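Asks: Contents are compact mmCIF, C-alpha atoms; file name entry.txt:
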```txt
# COMPACT_ATOMS: atom_id res chain seq x y z
CA MET A 1 -48.03 65.48 -81.40
CA ARG A 2 -48.50 68.77 -79.56
CA ILE A 3 -47.64 69.32 -75.91
CA GLY A 4 -51.25 68.79 -74.81
CA GLU A 5 -51.33 65.41 -76.55
CA LEU A 6 -47.94 64.52 -75.04
CA SER A 7 -49.43 65.31 -71.63
CA LYS A 8 -52.46 63.09 -72.31
CA ALA A 9 -50.29 60.23 -73.62
CA THR A 10 -48.08 60.20 -70.51
CA GLY A 11 -50.39 61.48 -67.78
CA ILE A 12 -47.87 64.20 -66.97
CA PRO A 13 -49.26 67.76 -66.61
CA VAL A 14 -48.18 70.35 -69.21
CA PRO A 15 -46.47 72.64 -66.62
CA THR A 16 -44.36 69.67 -65.46
CA ILE A 17 -43.38 68.89 -69.06
CA LYS A 18 -42.37 72.53 -69.53
CA TYR A 19 -40.29 72.32 -66.35
CA TYR A 20 -38.44 69.23 -67.66
CA LEU A 21 -37.87 71.07 -70.98
CA ARG A 22 -36.40 74.09 -69.16
CA GLU A 23 -34.20 71.83 -67.02
CA GLY A 24 -32.89 70.17 -70.18
CA LEU A 25 -34.09 66.71 -69.16
CA LEU A 26 -36.37 66.51 -72.19
CA PRO A 27 -35.05 67.49 -75.67
CA ALA A 28 -36.91 70.39 -77.31
CA GLY A 29 -39.63 69.47 -79.79
CA GLU A 30 -39.51 70.39 -83.47
CA ARG A 31 -40.91 73.85 -84.29
CA THR A 32 -43.36 73.24 -87.15
CA HIS A 33 -45.06 76.67 -87.25
CA ALA A 34 -44.41 80.04 -85.61
CA ASN A 35 -46.58 79.06 -82.68
CA GLN A 36 -46.49 75.26 -82.75
CA VAL A 37 -44.00 72.68 -81.52
CA SER A 38 -44.26 68.98 -82.32
CA TYR A 39 -43.24 66.06 -80.10
CA THR A 40 -42.65 62.40 -80.92
CA ALA A 41 -43.13 59.01 -79.29
CA GLU A 42 -39.52 59.29 -78.14
CA HIS A 43 -40.44 62.34 -76.09
CA ALA A 44 -43.23 60.34 -74.46
CA GLN A 45 -40.86 57.48 -73.65
CA ARG A 46 -38.29 59.88 -72.20
CA LEU A 47 -40.99 61.50 -70.07
CA ARG A 48 -42.02 58.11 -68.65
CA LEU A 49 -38.39 57.37 -67.83
CA ILE A 50 -37.99 60.73 -66.04
CA ARG A 51 -41.21 60.05 -64.14
CA ALA A 52 -39.97 56.63 -63.00
CA MET A 53 -36.79 58.18 -61.66
CA VAL A 54 -38.50 61.13 -59.98
CA GLN A 55 -41.59 59.41 -58.56
CA VAL A 56 -40.52 55.86 -57.77
CA GLY A 57 -36.80 56.44 -57.38
CA GLU A 58 -37.37 59.79 -55.63
CA LEU A 59 -34.21 61.06 -57.31
CA PRO A 60 -33.39 64.77 -57.33
CA ILE A 61 -33.44 66.50 -60.74
CA GLY A 62 -29.63 66.79 -60.81
CA THR A 63 -29.28 63.02 -60.43
CA VAL A 64 -31.86 62.43 -63.15
CA ARG A 65 -29.85 64.71 -65.46
CA THR A 66 -26.64 62.76 -64.73
CA MET A 67 -28.33 59.47 -65.48
CA LEU A 68 -29.97 60.69 -68.70
CA ALA A 69 -26.59 61.99 -69.88
CA GLU A 70 -25.32 58.42 -69.57
CA VAL A 71 -28.24 57.16 -71.64
CA ASP A 72 -27.57 59.80 -74.33
CA SER A 73 -23.80 59.29 -74.47
CA ALA A 74 -22.44 57.49 -77.52
CA GLU A 75 -20.51 54.89 -75.54
CA ARG A 76 -21.64 51.33 -75.35
CA PRO A 77 -22.44 50.28 -71.78
CA THR A 78 -19.50 49.05 -69.77
CA ASP A 79 -18.77 48.19 -66.23
CA SER A 80 -17.85 51.81 -65.46
CA MET A 81 -21.13 53.10 -66.90
CA LEU A 82 -23.13 50.91 -64.52
CA GLY A 83 -20.82 52.11 -61.78
CA ARG A 84 -21.50 55.77 -62.61
CA LEU A 85 -25.25 55.23 -62.74
CA SER A 86 -25.10 53.41 -59.48
CA GLY A 87 -22.93 56.14 -57.95
CA ALA A 88 -25.46 58.78 -58.99
CA LEU A 89 -28.16 56.80 -57.22
CA VAL A 90 -26.27 56.34 -53.97
CA ALA A 91 -25.27 60.00 -53.81
CA SER A 92 -28.90 60.96 -53.20
CA ARG A 93 -29.07 59.12 -49.86
CA SER A 94 -27.02 60.60 -47.04
CA PRO A 95 -25.72 58.21 -44.42
CA GLY A 96 -26.60 58.92 -40.78
CA ALA A 97 -23.30 57.83 -39.27
CA HIS A 98 -19.71 57.77 -40.47
CA ALA A 99 -17.72 54.58 -40.23
CA ASP A 100 -14.09 55.08 -39.27
CA GLU A 101 -11.21 53.61 -41.32
CA GLN A 102 -11.12 50.40 -39.31
CA GLU A 103 -14.87 49.82 -39.68
CA LEU A 104 -14.54 50.48 -43.42
CA ALA A 105 -11.69 47.96 -43.73
CA GLU A 106 -13.68 45.38 -41.73
CA THR A 107 -16.68 45.86 -44.03
CA ALA A 108 -14.51 45.42 -47.13
CA ALA A 109 -13.02 42.24 -45.63
CA LEU A 110 -16.48 40.89 -44.81
CA LEU A 111 -17.68 41.50 -48.37
CA GLN A 112 -14.57 39.84 -49.80
CA ARG A 113 -15.29 36.73 -47.72
CA HIS A 114 -18.73 36.65 -49.38
CA GLY A 115 -17.23 36.85 -52.88
CA TYR A 116 -17.46 40.59 -53.58
CA THR A 117 -14.52 41.72 -55.72
CA ARG A 118 -15.21 45.49 -55.85
CA THR A 119 -14.88 46.68 -52.29
CA ASP A 120 -13.64 50.23 -52.83
CA SER A 121 -16.93 51.82 -53.91
CA VAL A 122 -19.29 54.38 -52.38
CA HIS A 123 -21.65 51.50 -51.69
CA VAL A 124 -19.16 49.81 -49.40
CA ARG A 125 -18.87 53.07 -47.47
CA MET A 126 -22.66 53.19 -47.24
CA ILE A 127 -22.74 49.60 -45.93
CA ALA A 128 -20.02 50.42 -43.38
CA ASP A 129 -21.95 53.56 -42.35
CA VAL A 130 -25.17 51.58 -41.77
CA LEU A 131 -23.28 48.98 -39.70
CA ALA A 132 -21.62 51.79 -37.71
CA MET A 133 -25.06 53.25 -37.06
CA LEU A 134 -26.37 49.88 -35.81
CA HIS A 135 -23.46 49.77 -33.35
CA ARG A 136 -24.08 53.35 -32.25
CA LEU A 137 -27.78 52.60 -31.76
CA GLY A 138 -26.78 49.77 -29.41
CA ARG A 139 -28.01 47.07 -31.80
CA PRO A 140 -24.99 44.79 -32.33
CA GLU A 141 -27.42 41.85 -32.57
CA LEU A 142 -28.76 43.32 -35.83
CA VAL A 143 -25.28 43.59 -37.40
CA GLY A 144 -25.06 39.83 -38.02
CA ILE A 145 -27.85 40.16 -40.57
CA VAL A 146 -25.32 41.55 -43.06
CA ASP A 147 -23.91 38.05 -43.61
CA HIS A 148 -27.26 36.75 -44.86
CA TYR A 149 -28.00 39.92 -46.83
CA ALA A 150 -24.60 39.82 -48.57
CA ASP A 151 -25.27 36.39 -50.09
CA LEU A 152 -28.84 37.24 -51.11
CA ALA A 153 -27.77 40.57 -52.69
CA LEU A 154 -25.27 38.69 -54.88
CA GLN A 155 -28.07 36.38 -56.02
CA ILE A 156 -30.20 39.43 -56.89
CA ALA A 157 -27.32 40.97 -58.84
CA GLU A 158 -26.81 37.74 -60.81
CA THR A 159 -30.52 37.81 -61.70
CA ASP A 160 -30.38 41.50 -62.68
CA LEU A 161 -27.32 41.15 -64.90
CA ALA A 162 -28.66 38.01 -66.56
CA THR A 163 -31.79 39.98 -67.46
CA LEU A 164 -29.76 42.95 -68.76
CA THR A 165 -27.37 40.89 -70.87
CA ALA A 166 -30.37 39.33 -72.65
CA ILE A 167 -31.06 42.82 -74.11
CA GLU A 168 -29.33 43.43 -77.45
CA ASP A 169 -30.03 47.07 -78.32
CA ARG A 170 -27.63 49.58 -76.77
CA ASP A 171 -30.11 52.43 -76.16
CA ASN A 172 -32.51 49.93 -74.74
CA LEU A 173 -29.76 48.56 -72.50
CA ALA A 174 -28.74 51.92 -71.03
CA GLU A 175 -32.39 52.73 -70.32
CA SER A 176 -32.99 49.27 -68.92
CA MET A 177 -30.04 49.73 -66.56
CA ILE A 178 -31.63 52.86 -65.13
CA ILE A 179 -35.11 51.37 -65.00
CA GLY A 180 -33.73 48.19 -63.44
CA SER A 181 -31.73 50.12 -60.83
CA VAL A 182 -34.55 52.45 -59.83
CA LEU A 183 -37.66 50.30 -60.23
CA GLY A 184 -35.84 47.11 -59.22
CA GLU A 185 -34.98 48.68 -55.89
CA ALA A 186 -38.54 49.88 -55.29
CA LEU A 187 -39.85 46.48 -56.36
CA PHE A 188 -37.58 44.57 -54.03
CA ALA A 189 -38.28 46.90 -51.09
CA ALA A 190 -42.05 46.43 -51.56
CA LEU A 191 -41.63 42.65 -51.86
CA ARG A 192 -39.54 42.57 -48.68
CA ARG A 193 -42.33 44.35 -46.80
CA ALA A 194 -45.02 42.09 -48.25
CA ALA A 195 -42.84 39.14 -47.21
CA HIS A 196 -42.55 40.61 -43.69
CA ALA A 197 -46.36 40.61 -43.48
CA THR A 198 -46.48 36.96 -44.54
CA VAL A 199 -43.75 35.79 -42.18
CA SER A 200 -44.82 37.94 -39.20
CA ALA A 201 -48.40 36.68 -39.42
CA ARG A 202 -46.89 33.30 -38.60
CA VAL A 203 -44.36 34.50 -36.02
CA PHE A 204 -46.44 37.14 -34.16
CA PRO A 205 -50.04 35.90 -34.37
CA GLU A 206 -52.63 38.58 -33.68
CA ASP A 207 -54.15 38.48 -30.17
CA LYS A 208 -57.68 37.16 -30.32
CA VAL A 209 -59.44 39.12 -27.57
CA ASP A 210 -62.00 36.80 -26.05
CA THR A 211 -64.68 39.22 -24.78
CA SER A 212 -66.97 36.48 -23.46
CA SER A 213 -64.52 35.43 -20.74
CA ALA A 214 -63.91 39.03 -19.61
CA SER A 215 -67.34 39.42 -18.00
CA MET B 1 -26.83 66.18 -19.15
CA ARG B 2 -27.56 69.61 -20.63
CA ILE B 3 -28.64 70.16 -24.22
CA GLY B 4 -25.08 71.04 -25.31
CA GLU B 5 -23.80 67.75 -23.92
CA LEU B 6 -26.70 65.89 -25.56
CA SER B 7 -25.65 67.49 -28.84
CA LYS B 8 -22.03 66.41 -28.35
CA ALA B 9 -23.01 62.84 -27.37
CA THR B 10 -25.15 62.37 -30.48
CA GLY B 11 -23.48 64.63 -33.03
CA ILE B 12 -26.82 66.36 -33.62
CA PRO B 13 -26.77 70.19 -33.59
CA VAL B 14 -28.64 71.98 -30.77
CA PRO B 15 -31.11 73.75 -33.14
CA THR B 16 -32.05 70.36 -34.64
CA ILE B 17 -32.61 68.92 -31.16
CA LYS B 18 -34.83 71.92 -30.34
CA TYR B 19 -36.78 71.30 -33.56
CA TYR B 20 -37.38 67.65 -32.60
CA LEU B 21 -38.51 68.83 -29.12
CA ARG B 22 -40.98 71.31 -30.65
CA GLU B 23 -42.28 68.64 -33.05
CA GLY B 24 -42.86 66.31 -30.10
CA LEU B 25 -40.52 63.62 -31.41
CA LEU B 26 -38.27 63.94 -28.37
CA PRO B 27 -39.80 64.05 -24.85
CA ALA B 28 -39.04 67.24 -22.89
CA GLY B 29 -36.11 67.09 -20.48
CA GLU B 30 -36.47 67.57 -16.72
CA ARG B 31 -36.34 71.19 -15.54
CA THR B 32 -33.79 71.19 -12.74
CA HIS B 33 -33.38 74.96 -12.30
CA ALA B 34 -35.23 78.02 -13.58
CA ASN B 35 -32.92 78.17 -16.57
CA GLN B 36 -31.64 74.61 -16.88
CA VAL B 37 -33.10 71.44 -18.39
CA SER B 38 -31.55 68.03 -17.94
CA TYR B 39 -31.53 65.16 -20.46
CA THR B 40 -30.78 61.48 -19.98
CA ALA B 41 -29.16 58.64 -21.94
CA GLU B 42 -32.68 57.74 -23.11
CA HIS B 43 -32.93 61.10 -24.85
CA ALA B 44 -29.64 60.39 -26.63
CA GLN B 45 -30.88 56.96 -27.74
CA ARG B 46 -34.17 58.42 -28.98
CA LEU B 47 -32.25 61.10 -30.92
CA ARG B 48 -30.11 58.45 -32.65
CA LEU B 49 -33.26 56.57 -33.58
CA ILE B 50 -34.85 59.73 -35.05
CA ARG B 51 -31.64 60.41 -36.95
CA ALA B 52 -31.62 56.90 -38.44
CA MET B 53 -35.17 57.36 -39.68
CA VAL B 54 -34.64 60.89 -41.03
CA GLN B 55 -31.17 60.51 -42.56
CA VAL B 56 -30.93 56.91 -43.69
CA GLY B 57 -34.62 56.18 -44.09
CA GLU B 58 -35.30 59.67 -45.49
CA LEU B 59 -38.68 59.57 -43.77
CA PRO B 60 -40.77 62.73 -43.38
CA ILE B 61 -41.24 64.01 -39.82
CA GLY B 62 -44.91 62.94 -39.78
CA THR B 63 -43.93 59.35 -40.54
CA VAL B 64 -41.24 59.43 -37.85
CA ARG B 65 -43.88 60.62 -35.36
CA THR B 66 -46.22 57.74 -36.33
CA MET B 67 -43.47 55.19 -35.87
CA LEU B 68 -42.29 56.60 -32.53
CA ALA B 69 -45.90 56.51 -31.27
CA GLU B 70 -45.83 52.75 -31.98
CA VAL B 71 -42.61 52.40 -29.98
CA ASP B 72 -44.12 54.34 -27.06
CA SER B 73 -47.46 52.54 -27.04
CA ALA B 74 -48.03 50.05 -24.22
CA GLU B 75 -49.01 47.17 -26.51
CA ARG B 76 -46.76 44.24 -27.02
CA PRO B 77 -45.69 43.89 -30.64
CA THR B 78 -48.04 41.94 -32.82
CA ASP B 79 -48.47 41.23 -36.44
CA SER B 80 -50.60 44.37 -36.86
CA MET B 81 -47.94 46.58 -35.24
CA LEU B 82 -45.35 45.47 -37.77
CA GLY B 83 -47.99 46.05 -40.43
CA ARG B 84 -48.63 49.62 -39.24
CA LEU B 85 -44.91 50.41 -39.09
CA SER B 86 -44.47 48.97 -42.51
CA GLY B 87 -47.48 50.92 -43.82
CA ALA B 88 -46.03 54.17 -42.47
CA LEU B 89 -42.84 53.43 -44.38
CA VAL B 90 -44.50 52.68 -47.70
CA ALA B 91 -46.73 55.75 -47.51
CA SER B 92 -43.67 57.97 -47.98
CA ARG B 93 -42.92 56.63 -51.45
CA SER B 94 -45.42 57.54 -54.17
CA PRO B 95 -45.82 55.14 -57.06
CA GLY B 96 -45.35 56.46 -60.58
CA ALA B 97 -48.10 54.44 -62.23
CA HIS B 98 -51.40 53.01 -61.10
CA ALA B 99 -52.13 49.35 -61.70
CA ASP B 100 -55.73 48.61 -62.67
CA GLU B 101 -57.86 46.03 -60.84
CA GLN B 102 -56.85 43.21 -63.14
CA GLU B 103 -53.12 43.96 -62.77
CA LEU B 104 -53.61 44.09 -58.99
CA ALA B 105 -55.37 40.70 -58.98
CA GLU B 106 -52.64 39.20 -61.17
CA THR B 107 -49.95 40.48 -58.79
CA ALA B 108 -51.78 39.01 -55.78
CA ALA B 109 -52.07 35.66 -57.61
CA LEU B 110 -48.38 35.72 -58.51
CA LEU B 111 -47.40 36.35 -54.88
CA GLN B 112 -49.69 33.58 -53.67
CA ARG B 113 -47.94 31.15 -56.03
CA HIS B 114 -44.67 32.11 -54.32
CA GLY B 115 -46.09 31.43 -50.83
CA TYR B 116 -47.19 34.92 -49.79
CA THR B 117 -50.30 34.71 -47.59
CA ARG B 118 -50.99 38.45 -47.10
CA THR B 119 -51.77 39.81 -50.52
CA ASP B 120 -54.20 42.61 -49.65
CA SER B 121 -51.66 45.15 -48.36
CA VAL B 122 -50.39 48.51 -49.60
CA HIS B 123 -47.17 46.72 -50.53
CA VAL B 124 -48.94 44.51 -53.03
CA ARG B 125 -50.41 47.62 -54.63
CA MET B 126 -46.91 49.10 -54.78
CA ILE B 127 -45.58 45.92 -56.43
CA ALA B 128 -48.46 45.99 -58.94
CA ASP B 129 -47.77 49.68 -59.62
CA VAL B 130 -44.09 49.03 -60.33
CA LEU B 131 -44.97 46.15 -62.68
CA ALA B 132 -47.55 48.38 -64.41
CA MET B 133 -44.85 51.01 -64.86
CA LEU B 134 -42.46 48.46 -66.41
CA HIS B 135 -45.19 47.58 -68.93
CA ARG B 136 -45.91 51.25 -69.65
CA LEU B 137 -42.18 51.89 -70.14
CA GLY B 138 -42.16 49.15 -72.78
CA ARG B 139 -40.00 46.84 -70.66
CA PRO B 140 -42.01 43.60 -70.39
CA GLU B 141 -38.70 41.69 -70.41
CA LEU B 142 -37.92 43.21 -66.99
CA VAL B 143 -41.23 42.08 -65.47
CA GLY B 144 -40.09 38.45 -65.21
CA ILE B 145 -37.56 39.50 -62.58
CA VAL B 146 -40.37 39.65 -60.03
CA ASP B 147 -40.42 35.83 -59.83
CA HIS B 148 -36.80 35.70 -58.66
CA TYR B 149 -37.22 38.71 -56.37
CA ALA B 150 -40.34 37.24 -54.72
CA ASP B 151 -38.46 34.15 -53.52
CA LEU B 152 -35.41 36.09 -52.36
CA ALA B 153 -37.56 38.65 -50.48
CA LEU B 154 -39.19 35.81 -48.54
CA GLN B 155 -35.73 34.53 -47.58
CA ILE B 156 -34.80 38.04 -46.38
CA ALA B 157 -38.01 38.27 -44.35
CA GLU B 158 -37.31 34.88 -42.70
CA THR B 159 -33.85 36.18 -41.74
CA ASP B 160 -35.27 39.47 -40.42
CA LEU B 161 -37.97 37.84 -38.30
CA ALA B 162 -35.58 35.21 -36.91
CA THR B 163 -33.33 38.07 -35.78
CA LEU B 164 -36.26 40.00 -34.25
CA THR B 165 -37.73 37.03 -32.38
CA ALA B 166 -34.35 36.46 -30.72
CA ILE B 167 -34.90 39.81 -28.91
CA GLU B 168 -36.66 39.43 -25.54
CA ASP B 169 -37.29 42.97 -24.33
CA ARG B 170 -40.45 44.61 -25.69
CA ASP B 171 -39.15 48.20 -25.93
CA ASN B 172 -36.04 46.88 -27.56
CA LEU B 173 -38.17 44.83 -29.97
CA ALA B 174 -40.34 47.75 -31.12
CA GLU B 175 -37.24 49.88 -31.68
CA SER B 176 -35.47 47.00 -33.40
CA MET B 177 -38.43 46.61 -35.76
CA ILE B 178 -38.08 50.24 -36.84
CA ILE B 179 -34.31 50.09 -37.06
CA GLY B 180 -34.48 46.81 -38.94
CA SER B 181 -37.09 48.14 -41.39
CA VAL B 182 -35.30 51.43 -42.12
CA LEU B 183 -31.63 50.47 -41.86
CA GLY B 184 -32.22 46.97 -43.21
CA GLU B 185 -33.63 48.44 -46.39
CA ALA B 186 -30.73 50.89 -46.80
CA LEU B 187 -28.28 48.08 -46.04
CA PHE B 188 -29.79 45.74 -48.59
CA ALA B 189 -30.00 48.44 -51.27
CA ALA B 190 -26.31 49.29 -50.79
CA LEU B 191 -25.36 45.60 -50.87
CA ARG B 192 -27.33 45.10 -54.08
CA ARG B 193 -25.40 47.94 -55.72
CA ALA B 194 -22.06 46.64 -54.45
CA ALA B 195 -23.07 43.22 -55.81
CA HIS B 196 -23.92 44.84 -59.17
CA ALA B 197 -20.37 46.20 -59.32
CA THR B 198 -18.93 42.75 -58.62
CA VAL B 199 -21.12 40.92 -61.13
CA SER B 200 -20.96 43.59 -63.87
CA ALA B 201 -17.14 43.66 -63.69
CA ARG B 202 -17.36 40.05 -64.88
CA VAL B 203 -20.22 40.53 -67.38
CA PHE B 204 -19.26 43.90 -68.94
CA PRO B 205 -15.45 44.00 -68.79
CA GLU B 206 -14.01 47.49 -69.22
CA ASP B 207 -12.78 48.27 -72.74
CA LYS B 208 -9.00 48.21 -72.86
CA VAL B 209 -8.24 50.84 -75.51
CA ASP B 210 -5.19 49.66 -77.39
CA THR B 211 -3.66 52.96 -78.58
CA SER B 212 -0.65 51.31 -80.24
CA SER B 213 -2.74 49.64 -82.95
CA ALA B 214 -4.63 52.87 -83.76
CA SER B 215 -1.64 54.52 -85.45
```
Output the structure of this file as structure tokens.

Replies:
Amino acid sequence: MRIGELSKATGIPVPTIKYYLREGLLPAGERTHANQVSYTAEHAQRLRLIRAMVQVGELPIGTVRTMLAEVDSAERPTDSMLGRLSGALVASRSPGAHADEQELAETAALLQRHGYTRTDSVHVRMIADVLAMLHRLGRPELVGIVDHYADLALQIAETDLATLTAIEDRDNLAESMIIGSVLGEALFAALRRAAHATVSARVFPEDKVDTSSAS
Amino acid sequence: MRIGELSKATGIPVPTIKYYLREGLLPAGERTHANQVSYTAEHAQRLRLIRAMVQVGELPIGTVRTMLAEVDSAERPTDSMLGRLSGALVASRSPGAHADEQELAETAALLQRHGYTRTDSVHVRMIADVLAMLHRLGRPELVGIVDHYADLALQIAETDLATLTAIEDRDNLAESMIIGSVLGEALFAALRRAAHATVSARVFPEDKVDTSSAS
């Protein structure tokens, strides 16, 4: 298909497609005539993947490039590949406070008590930074929430990996890892907020202003 | 304290503080002399709150202003206040696909089966949009994950609201809602990734390349 058809198939404007081509996120099409370039269904799929990362994941272009390079590498997915993808994701969010060494060690110890075996990652630093920020904001009563979250996050991860391991095809798996990381996070965040609405309707019932008694 | 001391106490540079003052996010200090303005511990606390929203929550300044207006309003927190805060948060993340009316109705029905009572919110649209995107990306096998996520998100919300209702003071509660929404989401996302590392180390063990047998 031509670039205009690719745009129609994906809903992505032609200038944006050209930008992704220039940035090397999208492989060049095949030149069929002097003035005509042809694109395939694979281009459309790649464009949708880029769009998911940019729009839902709000990832910067550099991070998208890193993650696509993982998809295109010849390796089969391993633990370290998921780690690199995950590291690329976390690098796009800057922490607002910096935990000191003791706070970092305490966070690692807390996670180990909950059954986490990898406690030397950038994510553990992020967790420690958020907890440090809660302390600095004078909200120690909110810190305790990490104990509940830690157990629930492990349950989520078990669910995610069970879904991923059911996928046979390697290309499919690498792409699914990215889609699962990016869209899974957006999905869970939206569900958490919808759940807040459900639970808070019970906990903080809306005031019913009785205008008849005010007169 | 003077603006330089406020900067030292919070770790936020003076030009950034001046920007927040101009944008109306931070109330003006008290003019004590012709050329001197004094700030209080409340200014420092407000600055840390802004920083949490901007750096960890990555919220645009307009959203931060909306949320601070909720904190400063005289109302006591109600269901609708949490809803407005939560709506301000979701508005900063644009979905990458648009669910049609049928997909939206199916998502609402799915949530109702899991015990969600508020299924007319922006969050439900976001959930439907993410599911629509998974379908458009040719990943129907990832859609089933929403059933597990829906139950776990309700458990998180129960935990969050139990923590919030333990807080007596109204100002404290409004601020805690914001902090809990923004930092809670960053905290859970980081935990989920740390949990991925733990679970994937078990599921996708790293290849041990045996160089001795290659010769």

Asks: List the residues sitting within 12 Å of (-32.0, 70.6, -35.0) in the file's frame, using all atoms listed in the file, as a PyMOL selection string.

Replies: chain B and resi 3-4+6-7+10-23+25-26+47+50-51+54

Asks: Which residues are near Ala109 of chain A? Cut-off 12 Å, all atoms listed in the file, ignore same chain within fewer than 3 positions. Put them as number ranges by chain.

Replies: A: 102-106, 112-120, 124, 128, 147

Asks: Between atom CA of Ser200 of chain B and atom CA of Leu134 of chain B, what is the distance, to one decimal in Å?

Replies: 22.2 Å

Asks: Please identify all polymer residues within 9 Å of Gly184 of chain B, counting only C-alpha atoms, omitting same-chain residues fewer than 6 positions from it, and present them as a PyMOL selection string.

Replies: (chain A and resi 130+142+145-146+149) or (chain B and resi 160)

Asks: Ranking A:His148, A:His43, A:Arg65, A:Arg139 by minimum distance to Glu175 of chain B and counting only C-alpha atoms, which one comes first?

Replies: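 The closest residue to Glu175 of chain B is A:Arg139.
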
Asks: Return the single residue from B:Thr66, B:Leu152, B:Arg193, B:Gly180 that is closest to Ala52 of chain B, with distances computed using only C-alpha atoms.

Replies: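 Result for the nearest residue to Ala52 of chain B: B:Gly180.
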
Asks: Please measure the separation of atom CA of Thr107 of chain A and atom CA of Asp129 of chain A, giving the value in Å to one decimal.

Replies: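 Interatomic distance, atom CA of Thr107 of chain A to atom CA of Asp129 of chain A: 9.5 Å.
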
Asks: Could you check how far atom CA of Tyr39 of chain A sits from atom CA of Leu173 of chain A, in Å to one decimal?

Replies: 23.4 Å

Asks: Would you compute the box with edges along x, y and z of the file around segment 59-64 of chain B, including every atom the file lists for it and 4 Å extra on each side, and give its centre and edge lengths in Å to one decimal, as lines of an AutoDock Vina configuration file?

Replies:
```
center_x = -41.8
center_y = 61.7
center_z = -40.8
size_x = 14.2
size_y = 12.7
size_z = 13.9
```
